[in-house]
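*Asks:* File input-v3.cif below, mmCIF, C-alpha atoms and all ligand atoms:
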data_upload
loop_
_atom_site.label_atom_id
_atom_site.label_comp_id
_atom_site.auth_asym_id
_atom_site.auth_seq_id
_atom_site.Cartn_x
_atom_site.Cartn_y
_atom_site.Cartn_z
CA MET A 1 5.29 4.79 14.41
CA ASP A 2 6.24 8.39 14.95
CA ILE A 3 9.36 9.19 12.94
CA LYS A 4 11.10 12.04 14.73
CA THR A 5 14.29 11.93 12.68
CA ALA A 6 14.97 10.45 9.26
CA ASP A 7 18.53 10.86 8.04
CA TYR A 8 19.98 9.90 4.68
CA ILE A 9 23.29 8.22 5.48
CA GLY A 10 24.60 7.57 1.99
CA SER A 11 24.71 5.48 -1.16
CA TRP A 12 27.00 2.59 -1.98
CA GLN A 13 27.74 0.52 -5.05
CA LYS A 14 29.29 -2.26 -2.99
CA ASN A 15 28.00 -3.83 0.18
CA ALA A 16 31.62 -4.23 1.34
CA ASP A 17 32.02 -0.43 1.45
CA MET A 18 28.91 0.17 3.57
CA PRO A 19 29.38 1.23 7.19
CA HIS A 20 29.10 -1.68 9.60
CA THR A 21 26.59 -1.31 12.37
CA GLU A 22 24.62 -3.46 14.76
CA LEU A 23 21.49 -1.37 14.32
CA PRO A 24 18.53 -3.40 13.08
CA GLU A 25 18.21 -2.99 9.33
CA PHE A 26 15.17 -3.48 7.06
CA GLY A 27 15.60 -3.79 3.30
CA PHE A 28 13.13 -3.01 0.52
CA ILE A 29 13.46 -4.86 -2.75
CA GLY A 30 11.43 -5.81 -5.81
CA ARG A 31 11.21 -5.22 -9.53
CA SER A 32 11.94 -1.74 -10.85
CA ASN A 33 9.02 0.66 -10.51
CA VAL A 34 7.17 -1.53 -7.98
CA GLY A 35 7.26 1.33 -5.48
CA LYS A 36 10.16 0.62 -3.09
CA SER A 37 11.33 4.21 -2.72
CA SER A 38 7.75 5.51 -2.49
CA LEU A 39 6.98 3.01 0.27
CA ILE A 40 10.03 4.14 2.27
CA ASN A 41 8.77 7.72 2.01
CA MET A 42 5.27 6.65 3.03
CA LEU A 43 6.51 4.68 6.05
CA THR A 44 8.76 7.53 7.20
CA ASP A 45 6.29 10.34 6.45
CA ARG A 46 8.97 12.05 4.36
CA LYS A 47 8.09 12.94 0.77
CA GLY A 48 11.57 13.15 -0.68
CA LEU A 49 13.70 10.95 1.59
CA ALA A 50 14.13 8.22 -1.05
CA LYS A 51 14.26 9.39 -4.67
CA THR A 52 11.31 8.13 -6.73
CA SER A 53 10.60 8.26 -10.45
CA SER A 54 7.91 7.18 -12.89
CA THR A 55 10.76 5.86 -15.07
CA PRO A 56 11.90 2.40 -13.92
CA GLY A 57 15.53 1.98 -12.93
CA LYS A 58 15.76 5.07 -10.72
CA THR A 59 17.49 3.55 -7.68
CA GLN A 60 20.88 2.29 -8.85
CA SER A 61 22.79 1.86 -5.61
CA ILE A 62 22.29 0.74 -2.02
CA ASN A 63 20.81 3.68 -0.09
CA LEU A 64 20.85 3.78 3.67
CA PHE A 65 18.53 5.76 5.97
CA LEU A 66 18.62 6.07 9.75
CA LEU A 67 15.29 6.48 11.53
CA ASN A 68 14.89 7.82 15.06
CA LYS A 69 18.63 7.08 15.46
CA GLN A 70 17.53 3.47 16.10
CA ILE A 71 16.81 1.52 12.96
CA GLN A 72 17.96 1.57 9.35
CA PHE A 73 16.04 1.27 6.09
CA VAL A 74 17.77 0.21 2.91
CA ASP A 75 16.46 1.17 -0.51
CA LEU A 76 17.82 -1.32 -3.04
CA PRO A 77 17.92 -1.18 -6.85
CA GLY A 78 15.12 -3.00 -8.67
CA TYR A 79 15.86 -6.41 -10.10
CA GLY A 80 15.23 -7.65 -13.60
CA TYR A 81 14.42 -4.43 -15.45
CA ALA A 82 14.78 -5.29 -19.15
CA LYS A 83 15.66 -1.78 -20.31
CA VAL A 84 18.64 -1.53 -17.98
CA SER A 85 21.69 -2.81 -19.90
CA LYS A 86 22.70 -6.43 -19.37
CA ASP A 87 25.95 -5.30 -17.71
CA LYS A 88 24.08 -3.10 -15.28
CA ARG A 89 21.56 -5.84 -14.50
CA GLU A 90 24.45 -8.12 -13.63
CA ILE A 91 26.02 -5.42 -11.44
CA PHE A 92 22.67 -4.86 -9.66
CA GLY A 93 22.26 -8.63 -9.25
CA LYS A 94 25.68 -8.97 -7.65
CA MET A 95 25.12 -5.91 -5.47
CA ILE A 96 21.87 -7.38 -4.14
CA LYS A 97 23.31 -10.87 -3.71
CA HIS A 98 26.33 -9.68 -1.73
CA TYR A 99 24.25 -7.36 0.40
CA LEU A 100 21.81 -10.17 1.27
CA HIS A 101 24.54 -12.69 1.89
CA ASP A 102 26.77 -10.51 4.08
CA ARG A 103 24.54 -8.09 5.93
CA VAL A 104 24.37 -9.62 9.38
CA ASN A 105 22.14 -6.87 10.82
CA LEU A 106 19.41 -7.42 8.20
CA TYR A 107 16.34 -8.19 10.34
CA CYS A 108 13.86 -8.44 7.53
CA LEU A 109 13.81 -8.02 3.77
CA PHE A 110 10.52 -6.67 2.44
CA VAL A 111 9.94 -8.04 -1.04
CA LEU A 112 7.53 -5.81 -2.94
CA ILE A 113 5.17 -7.17 -5.55
CA ASP A 114 2.99 -5.12 -7.88
CA LEU A 115 -0.54 -6.20 -7.01
CA ARG A 116 -1.95 -4.99 -10.32
CA ILE A 117 -0.45 -7.83 -12.31
CA LYS A 118 -0.39 -11.62 -12.12
CA PRO A 119 2.52 -13.20 -10.20
CA GLN A 120 5.71 -12.78 -12.23
CA GLN A 121 8.19 -15.62 -12.46
CA ILE A 122 11.09 -13.31 -11.60
CA ASP A 123 9.37 -12.38 -8.30
CA LEU A 124 8.57 -16.00 -7.45
CA ASP A 125 12.15 -17.03 -8.26
CA PHE A 126 13.54 -14.25 -6.08
CA ILE A 127 11.23 -15.07 -3.16
CA ASN A 128 12.03 -18.77 -3.42
CA GLU A 129 15.76 -18.04 -3.50
CA CYS A 130 15.40 -15.99 -0.30
CA GLY A 131 13.66 -18.98 1.28
CA GLU A 132 16.43 -21.36 0.20
CA ASN A 133 19.03 -19.00 1.68
CA ASP A 134 17.17 -18.46 4.98
CA ILE A 135 16.82 -14.73 4.42
CA PRO A 136 14.01 -13.45 6.63
CA ILE A 137 11.38 -11.95 4.32
CA ALA A 138 7.93 -10.44 4.35
CA LEU A 139 5.94 -9.67 1.20
CA ILE A 140 4.27 -6.37 0.43
CA GLY A 141 1.75 -6.01 -2.38
CA THR A 142 1.99 -2.42 -3.67
CA LYS A 143 -0.24 0.11 -5.44
CA ALA A 144 -3.41 -1.20 -3.77
CA ASP A 145 -5.10 2.14 -4.52
CA LYS A 146 -5.21 1.12 -8.19
CA LEU A 147 -7.34 -1.96 -7.53
CA LYS A 148 -10.85 -2.82 -6.48
CA PRO A 149 -11.09 -5.01 -3.33
CA ALA A 150 -12.13 -8.09 -5.33
CA GLU A 151 -9.16 -7.68 -7.69
CA LEU A 152 -6.84 -7.30 -4.71
CA GLU A 153 -8.08 -10.53 -3.19
CA ALA A 154 -7.85 -12.42 -6.48
CA ASN A 155 -4.30 -11.26 -7.19
CA LYS A 156 -3.15 -11.98 -3.65
CA ALA A 157 -4.71 -15.46 -3.88
CA ALA A 158 -2.82 -16.05 -7.14
CA ILE A 159 0.48 -15.12 -5.44
CA ASP A 160 -0.34 -17.38 -2.47
CA ALA A 161 -1.19 -20.27 -4.78
CA ALA A 162 2.07 -19.90 -6.70
CA LEU A 163 4.11 -19.79 -3.49
CA MET A 164 2.28 -22.70 -1.86
CA LYS A 165 3.87 -24.97 -4.45
CA VAL A 166 7.21 -24.32 -2.75
CA TRP A 167 6.62 -22.95 0.77
CA ASN A 168 5.24 -24.98 3.67
CA GLU A 169 4.35 -21.84 5.55
CA LEU A 170 3.87 -18.61 3.62
CA PRO A 171 5.81 -15.51 4.67
CA PRO A 172 3.79 -12.59 6.09
CA PHE A 173 1.97 -10.59 3.43
CA PHE A 174 0.91 -6.95 3.63
CA ILE A 175 -1.12 -4.88 1.23
CA SER A 176 0.06 -1.30 0.81
CA SER A 177 -0.45 1.97 -0.99
CA ALA A 178 1.99 4.85 -0.89
CA GLU A 179 -0.93 7.07 -1.97
CA THR A 180 -3.52 6.18 0.67
CA LYS A 181 -1.07 4.90 3.33
CA VAL A 182 -2.92 1.60 3.54
CA GLY A 183 -0.70 -0.96 5.27
CA ARG A 184 1.47 1.57 7.11
CA ASN A 185 0.49 0.44 10.63
CA GLU A 186 0.66 -3.25 9.78
CA ILE A 187 4.15 -2.95 8.27
CA TRP A 188 5.40 -0.93 11.26
CA ASN A 189 3.93 -3.51 13.64
CA CYS A 190 5.80 -6.22 11.73
CA ILE A 191 9.02 -4.20 12.06
CA LYS A 192 8.45 -3.63 15.79
CA ASP A 193 7.73 -7.34 16.33
CA THR A 194 11.15 -8.28 14.99
CA LEU A 195 13.05 -5.80 17.19
CA PRO A 196 14.73 -7.01 20.39
CA LYS A 197 12.42 -6.43 23.35
N1 LIG A 201 -0.82 4.74 -7.56
C1 LIG A 201 0.32 4.44 -6.93
N2 LIG A 201 1.50 4.72 -7.52
C2 LIG A 201 2.64 4.39 -6.86
C3 LIG A 201 2.62 3.77 -5.57
N3 LIG A 201 3.90 3.55 -5.19
C4 LIG A 201 4.68 4.03 -6.18
N4 LIG A 201 3.93 4.54 -7.18
C5 LIG A 201 4.43 5.15 -8.42
O1 LIG A 201 5.22 4.19 -9.11
C6 LIG A 201 6.36 4.78 -9.72
C7 LIG A 201 7.64 4.11 -9.22
O2 LIG A 201 7.81 4.39 -7.84
P1 LIG A 201 9.24 4.23 -7.12
O3 LIG A 201 8.96 4.35 -5.67
O4 LIG A 201 10.24 5.16 -7.72
O5 LIG A 201 9.60 2.73 -7.52
P2 LIG A 201 10.94 1.90 -7.22
O6 LIG A 201 10.50 0.51 -6.94
O7 LIG A 201 11.74 2.57 -6.16
O8 LIG A 201 11.67 1.94 -8.63
P3 LIG A 201 13.25 1.82 -9.01
O9 LIG A 201 14.03 2.64 -8.05
O10 LIG A 201 13.28 2.34 -10.40
O11 LIG A 201 13.58 0.36 -8.93
C8 LIG A 201 6.28 6.28 -9.37
O12 LIG A 201 5.65 6.94 -10.46
C9 LIG A 201 5.38 6.31 -8.13
O13 LIG A 201 4.67 7.51 -8.01
C10 LIG A 201 1.33 3.49 -4.98
O14 LIG A 201 1.20 2.94 -3.88
N5 LIG A 201 0.24 3.85 -5.72
MG MG A 202 13.65 3.27 -6.20
#
Write the structure described by the file as structure tokens, please.
Ligand SMILES: Nc1nc2c(ncn2[C@@H]2O[C@H](COP(=O)(O)OP(=O)(O)OP(=O)(O)O)[C@@H](O)[C@H]2O)c(=O)[nH]1
Ligand SMILES: [Mg+2]

*Replies:*
Amino acid sequence: MDIKTADYIGSWQKNADMPHTELPEFGFIGRSNVGKSSLINMLTDRKGLAKTSSTPGKTQSINLFLLNKQIQFVDLPGYGYAKVSKDKREIFGKMIKHYLHDRVNLYCLFVLIDLRIKPQQIDLDFINECGENDIPIALIGTKADKLKPAELEANKAAIDAALMKVWNELPPFFISSAETKVGRNEIWNCIKDTLPK
């Protein structure tokens, strides 16, 4: 996908305050530090579009970006980061919940999982909750550049096995790296497939 324009629209603490639009929207979510903001920059070929940080807890609001004046990306705060205060975790949790519940133009929510570690209960719980609430999701394993191919396969298989206990049909799964751009074409093809023809 050739990104001719990538505009930062704004940041919101509450889904209710966000501008309403019928443009197709794609959200990026996952634990803090998993690489959500970096992936948005990789997919849009813009280094500093979404703010990234090596310190978890960087993205603290709902950030909206407009691409090619046609589709929107949403960078969401990470869930479950222990060092963020309990109050803030609750605020983030509510922010995410309301956004997912109310956002009628959400075409797909990409749930990012760090491929370097074994499946985390908090990720499995979040993915399963999306399934129960009929939120359209696709999974993206991040930081593939840090792993050998055999490790990648083993960790992906572990995620599949954990999800198979609950899902009849697994959601799409992509492997990505913001460093090497692995997965960029596949993720864009997934986005294009969901758009109205
Ligand atoms: N090696 C490698 N590092 C990555 C990759 N993606 C992100 N990182 C690094 O991981 C750290 C976190 O990246 P972010 O994109 O800020 O993560 P985030 O999920 O947006 O984090 P929060 O906003 O804090 O929830 C940064 O130091 C990135 O450089 C990747 O694909 N490969
Ligand atoms: Mg972020």

*Asks:* Please identify every polymer residue within 9 Å of ligand LIG 201 (chain A), using all atoms listed in the file, and present the set as a PyMOL selection string.

*Replies:* chain A and resi 28-42+50-60+75-79+81+112+142-146+176-182

*Asks:* So how many Å separate CA of Glu151 in chain A and CA of Gln121 in chain A, to one decimal?

*Replies:*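 Taking CA of Glu151 in chain A as the start and CA of Gln121 in chain A as the end point, the length is 19.7 Å.
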
*Asks:* Do you know which residues are at most 12 Å from Ala161 in chain A counting all atoms listed in the file, after dropping those on the same chain fewer than 6 positions away, and could you put them as number ranges by chain?

*Replies:* A: 118-119, 124, 154-155, 167-170

*Asks:* Counting all atoms listed in the file, which residue out of A:Lys156, A:Leu43, A:Asn63, A:Met18 sits closest to ligand MG 202 (chain A)?

*Replies:*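 Once distances to ligand MG 202 (chain A) are computed over all atoms listed in the file, the minimum belongs to A:Asn63.
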
*Asks:* Might you pull out every residue within 12 Å of Met1 in chain A, with only C-alpha atoms counted and same-chain residues fewer than 6 positions away left off, and present them as an MDAnalysis selection string?

*Replies:* chainID A and resid 42:45 67:68 184:192

*Asks:* Write the residues of the selection above to a file with C-alpha atoms, as a CSV table (one decimal), keeping the file's coordinate frame.

*Replies:*
chain,number,residue,atom,x,y,z
A,42,MET,CA,5.3,6.6,3.0
A,43,LEU,CA,6.5,4.7,6.0
A,44,THR,CA,8.8,7.5,7.2
A,45,ASP,CA,6.3,10.3,6.4
A,67,LEU,CA,15.3,6.5,11.5
A,68,ASN,CA,14.9,7.8,15.1
A,184,ARG,CA,1.5,1.6,7.1
A,185,ASN,CA,0.5,0.4,10.6
A,186,GLU,CA,0.7,-3.2,9.8
A,187,ILE,CA,4.2,-3.0,8.3
A,188,TRP,CA,5.4,-0.9,11.3
A,189,ASN,CA,3.9,-3.5,13.6
A,190,CYS,CA,5.8,-6.2,11.7
A,191,ILE,CA,9.0,-4.2,12.1
A,192,LYS,CA,8.4,-3.6,15.8

*Asks:* Set the distance at 7 Å and use only C-alpha atoms: which residues neighbour range 94-98 of chain A once local chain neighbours fewer than 6 positions away are removed? I'd like the list as an MDAnalysis selection string.

*Replies:* chainID A and resid 13:15

*Asks:* Provide the CA of Cys108 in chain A to CA of Lys88 in chain A distance in Å, to one decimal place.

*Replies:*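 Result for CA of Cys108 in chain A versus CA of Lys88 in chain A: 25.6 Å, one decimal.
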
*Asks:* Using all atoms listed in the file, can you tell me which of A:Lys47, A:Asp17, A:Gly141, A:Leu163 comes closest to Arg116 in chain A?

*Replies:*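 Of all the options, A:Gly141 lies closest to Arg116 in chain A.
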
*Asks:* All heavy atoms are needed for range 3-14 of chain A; please write them out as an mmCIF file, in the coordinates of the input.

*Replies:*
data_model
loop_
_atom_site.group_PDB
_atom_site.id
_atom_site.type_symbol
_atom_site.label_atom_id
_atom_site.label_comp_id
_atom_site.auth_asym_id
_atom_site.auth_seq_id
_atom_site.Cartn_x
_atom_site.Cartn_y
_atom_site.Cartn_z
ATOM 1 N N ILE A 3 7.966 9.049 13.387
ATOM 2 C CA ILE A 3 9.360 9.190 12.940
ATOM 3 C C ILE A 3 9.836 10.615 13.254
ATOM 4 O O ILE A 3 9.498 11.572 12.559
ATOM 5 C CB ILE A 3 9.497 8.902 11.424
ATOM 6 C CG1 ILE A 3 8.909 7.528 11.081
ATOM 7 C CG2 ILE A 3 10.965 8.960 10.999
ATOM 8 C CD1 ILE A 3 9.570 6.363 11.773
ATOM 9 N N LYS A 4 10.634 10.717 14.293
ATOM 10 C CA LYS A 4 11.100 12.040 14.730
ATOM 11 C C LYS A 4 12.277 12.510 13.880
ATOM 12 O O LYS A 4 12.398 13.672 13.551
ATOM 13 C CB LYS A 4 11.501 11.996 16.202
ATOM 14 C CG LYS A 4 10.299 11.724 17.104
ATOM 15 C CD LYS A 4 10.624 12.013 18.558
ATOM 16 C CE LYS A 4 9.424 11.768 19.446
ATOM 17 N NZ LYS A 4 9.035 10.343 19.507
ATOM 18 N N THR A 5 13.173 11.561 13.555
ATOM 19 C CA THR A 5 14.290 11.930 12.680
ATOM 20 C C THR A 5 14.450 10.879 11.585
ATOM 21 O O THR A 5 14.295 9.684 11.835
ATOM 22 C CB THR A 5 15.627 12.014 13.466
ATOM 23 O OG1 THR A 5 15.903 10.737 14.043
ATOM 24 C CG2 THR A 5 15.586 13.066 14.566
ATOM 25 N N ALA A 6 14.715 11.351 10.392
ATOM 26 C CA ALA A 6 14.970 10.450 9.260
ATOM 27 C C ALA A 6 16.163 11.024 8.513
ATOM 28 O O ALA A 6 16.069 12.080 7.884
ATOM 29 C CB ALA A 6 13.746 10.388 8.349
ATOM 30 N N ASP A 7 17.296 10.356 8.634
ATOM 31 C CA ASP A 7 18.530 10.860 8.040
ATOM 32 C C ASP A 7 18.990 9.974 6.898
ATOM 33 O O ASP A 7 19.024 8.742 7.030
ATOM 34 C CB ASP A 7 19.660 10.904 9.097
ATOM 35 C CG ASP A 7 19.254 11.733 10.301
ATOM 36 O OD1 ASP A 7 18.837 12.874 10.087
ATOM 37 O OD2 ASP A 7 19.338 11.220 11.440
ATOM 38 N N TYR A 8 19.355 10.614 5.798
ATOM 39 C CA TYR A 8 19.980 9.900 4.680
ATOM 40 C C TYR A 8 21.448 9.697 5.052
ATOM 41 O O TYR A 8 22.150 10.656 5.349
ATOM 42 C CB TYR A 8 19.835 10.724 3.407
ATOM 43 C CG TYR A 8 20.698 10.273 2.260
ATOM 44 C CD1 TYR A 8 20.446 9.069 1.606
ATOM 45 C CD2 TYR A 8 21.755 11.057 1.815
ATOM 46 C CE1 TYR A 8 21.242 8.655 0.550
ATOM 47 C CE2 TYR A 8 22.554 10.650 0.751
ATOM 48 C CZ TYR A 8 22.294 9.449 0.128
ATOM 49 O OH TYR A 8 23.083 9.051 -0.913
ATOM 50 N N ILE A 9 21.903 8.465 5.084
ATOM 51 C CA ILE A 9 23.290 8.220 5.480
ATOM 52 C C ILE A 9 24.211 8.211 4.262
ATOM 53 O O ILE A 9 25.304 8.755 4.294
ATOM 54 C CB ILE A 9 23.425 6.874 6.229
ATOM 55 C CG1 ILE A 9 22.503 6.897 7.450
ATOM 56 C CG2 ILE A 9 24.857 6.640 6.675
ATOM 57 C CD1 ILE A 9 22.545 5.631 8.244
ATOM 58 N N GLY A 10 23.764 7.577 3.188
ATOM 59 C CA GLY A 10 24.600 7.570 1.990
ATOM 60 C C GLY A 10 24.208 6.478 1.021
ATOM 61 O O GLY A 10 23.268 5.718 1.262
ATOM 62 N N SER A 11 24.949 6.433 -0.075
ATOM 63 C CA SER A 11 24.710 5.480 -1.160
ATOM 64 C C SER A 11 25.972 4.701 -1.450
ATOM 65 O O SER A 11 27.051 5.306 -1.482
ATOM 66 C CB SER A 11 24.400 6.255 -2.448
ATOM 67 O OG SER A 11 23.062 6.511 -2.532
ATOM 68 N N TRP A 12 25.818 3.417 -1.697
ATOM 69 C CA TRP A 12 27.000 2.590 -1.980
ATOM 70 C C TRP A 12 26.754 1.696 -3.178
ATOM 71 O O TRP A 12 25.637 1.235 -3.400
ATOM 72 C CB TRP A 12 27.355 1.735 -0.755
ATOM 73 C CG TRP A 12 27.916 2.567 0.349
ATOM 74 C CD1 TRP A 12 29.234 2.851 0.563
ATOM 75 C CD2 TRP A 12 27.184 3.265 1.366
ATOM 76 N NE1 TRP A 12 29.353 3.684 1.652
ATOM 77 C CE2 TRP A 12 28.126 3.962 2.162
ATOM 78 C CE3 TRP A 12 25.837 3.400 1.678
ATOM 79 C CZ2 TRP A 12 27.761 4.753 3.250
ATOM 80 C CZ3 TRP A 12 25.461 4.199 2.751
ATOM 81 C CH2 TRP A 12 26.424 4.856 3.525
ATOM 82 N N GLN A 13 27.813 1.454 -3.916
ATOM 83 C CA GLN A 13 27.740 0.520 -5.050
ATOM 84 C C GLN A 13 28.099 -0.885 -4.587
ATOM 85 O O GLN A 13 27.748 -1.855 -5.245
ATOM 86 C CB GLN A 13 28.739 0.935 -6.141
ATOM 87 C CG GLN A 13 28.459 2.299 -6.746
ATOM 88 C CD GLN A 13 27.247 2.281 -7.658
ATOM 89 O OE1 GLN A 13 26.919 1.245 -8.216
ATOM 90 N NE2 GLN A 13 26.581 3.410 -7.774
ATOM 91 N N LYS A 14 28.842 -0.944 -3.471
ATOM 92 C CA LYS A 14 29.290 -2.260 -2.990
ATOM 93 C C LYS A 14 28.927 -2.404 -1.525
ATOM 94 O O LYS A 14 29.240 -1.522 -0.708
ATOM 95 C CB LYS A 14 30.803 -2.371 -3.130
ATOM 96 C CG LYS A 14 31.247 -2.895 -4.457
ATOM 97 C CD LYS A 14 32.671 -3.406 -4.321
ATOM 98 C CE LYS A 14 33.597 -2.694 -5.263
ATOM 99 N NZ LYS A 14 34.935 -2.555 -4.796
#
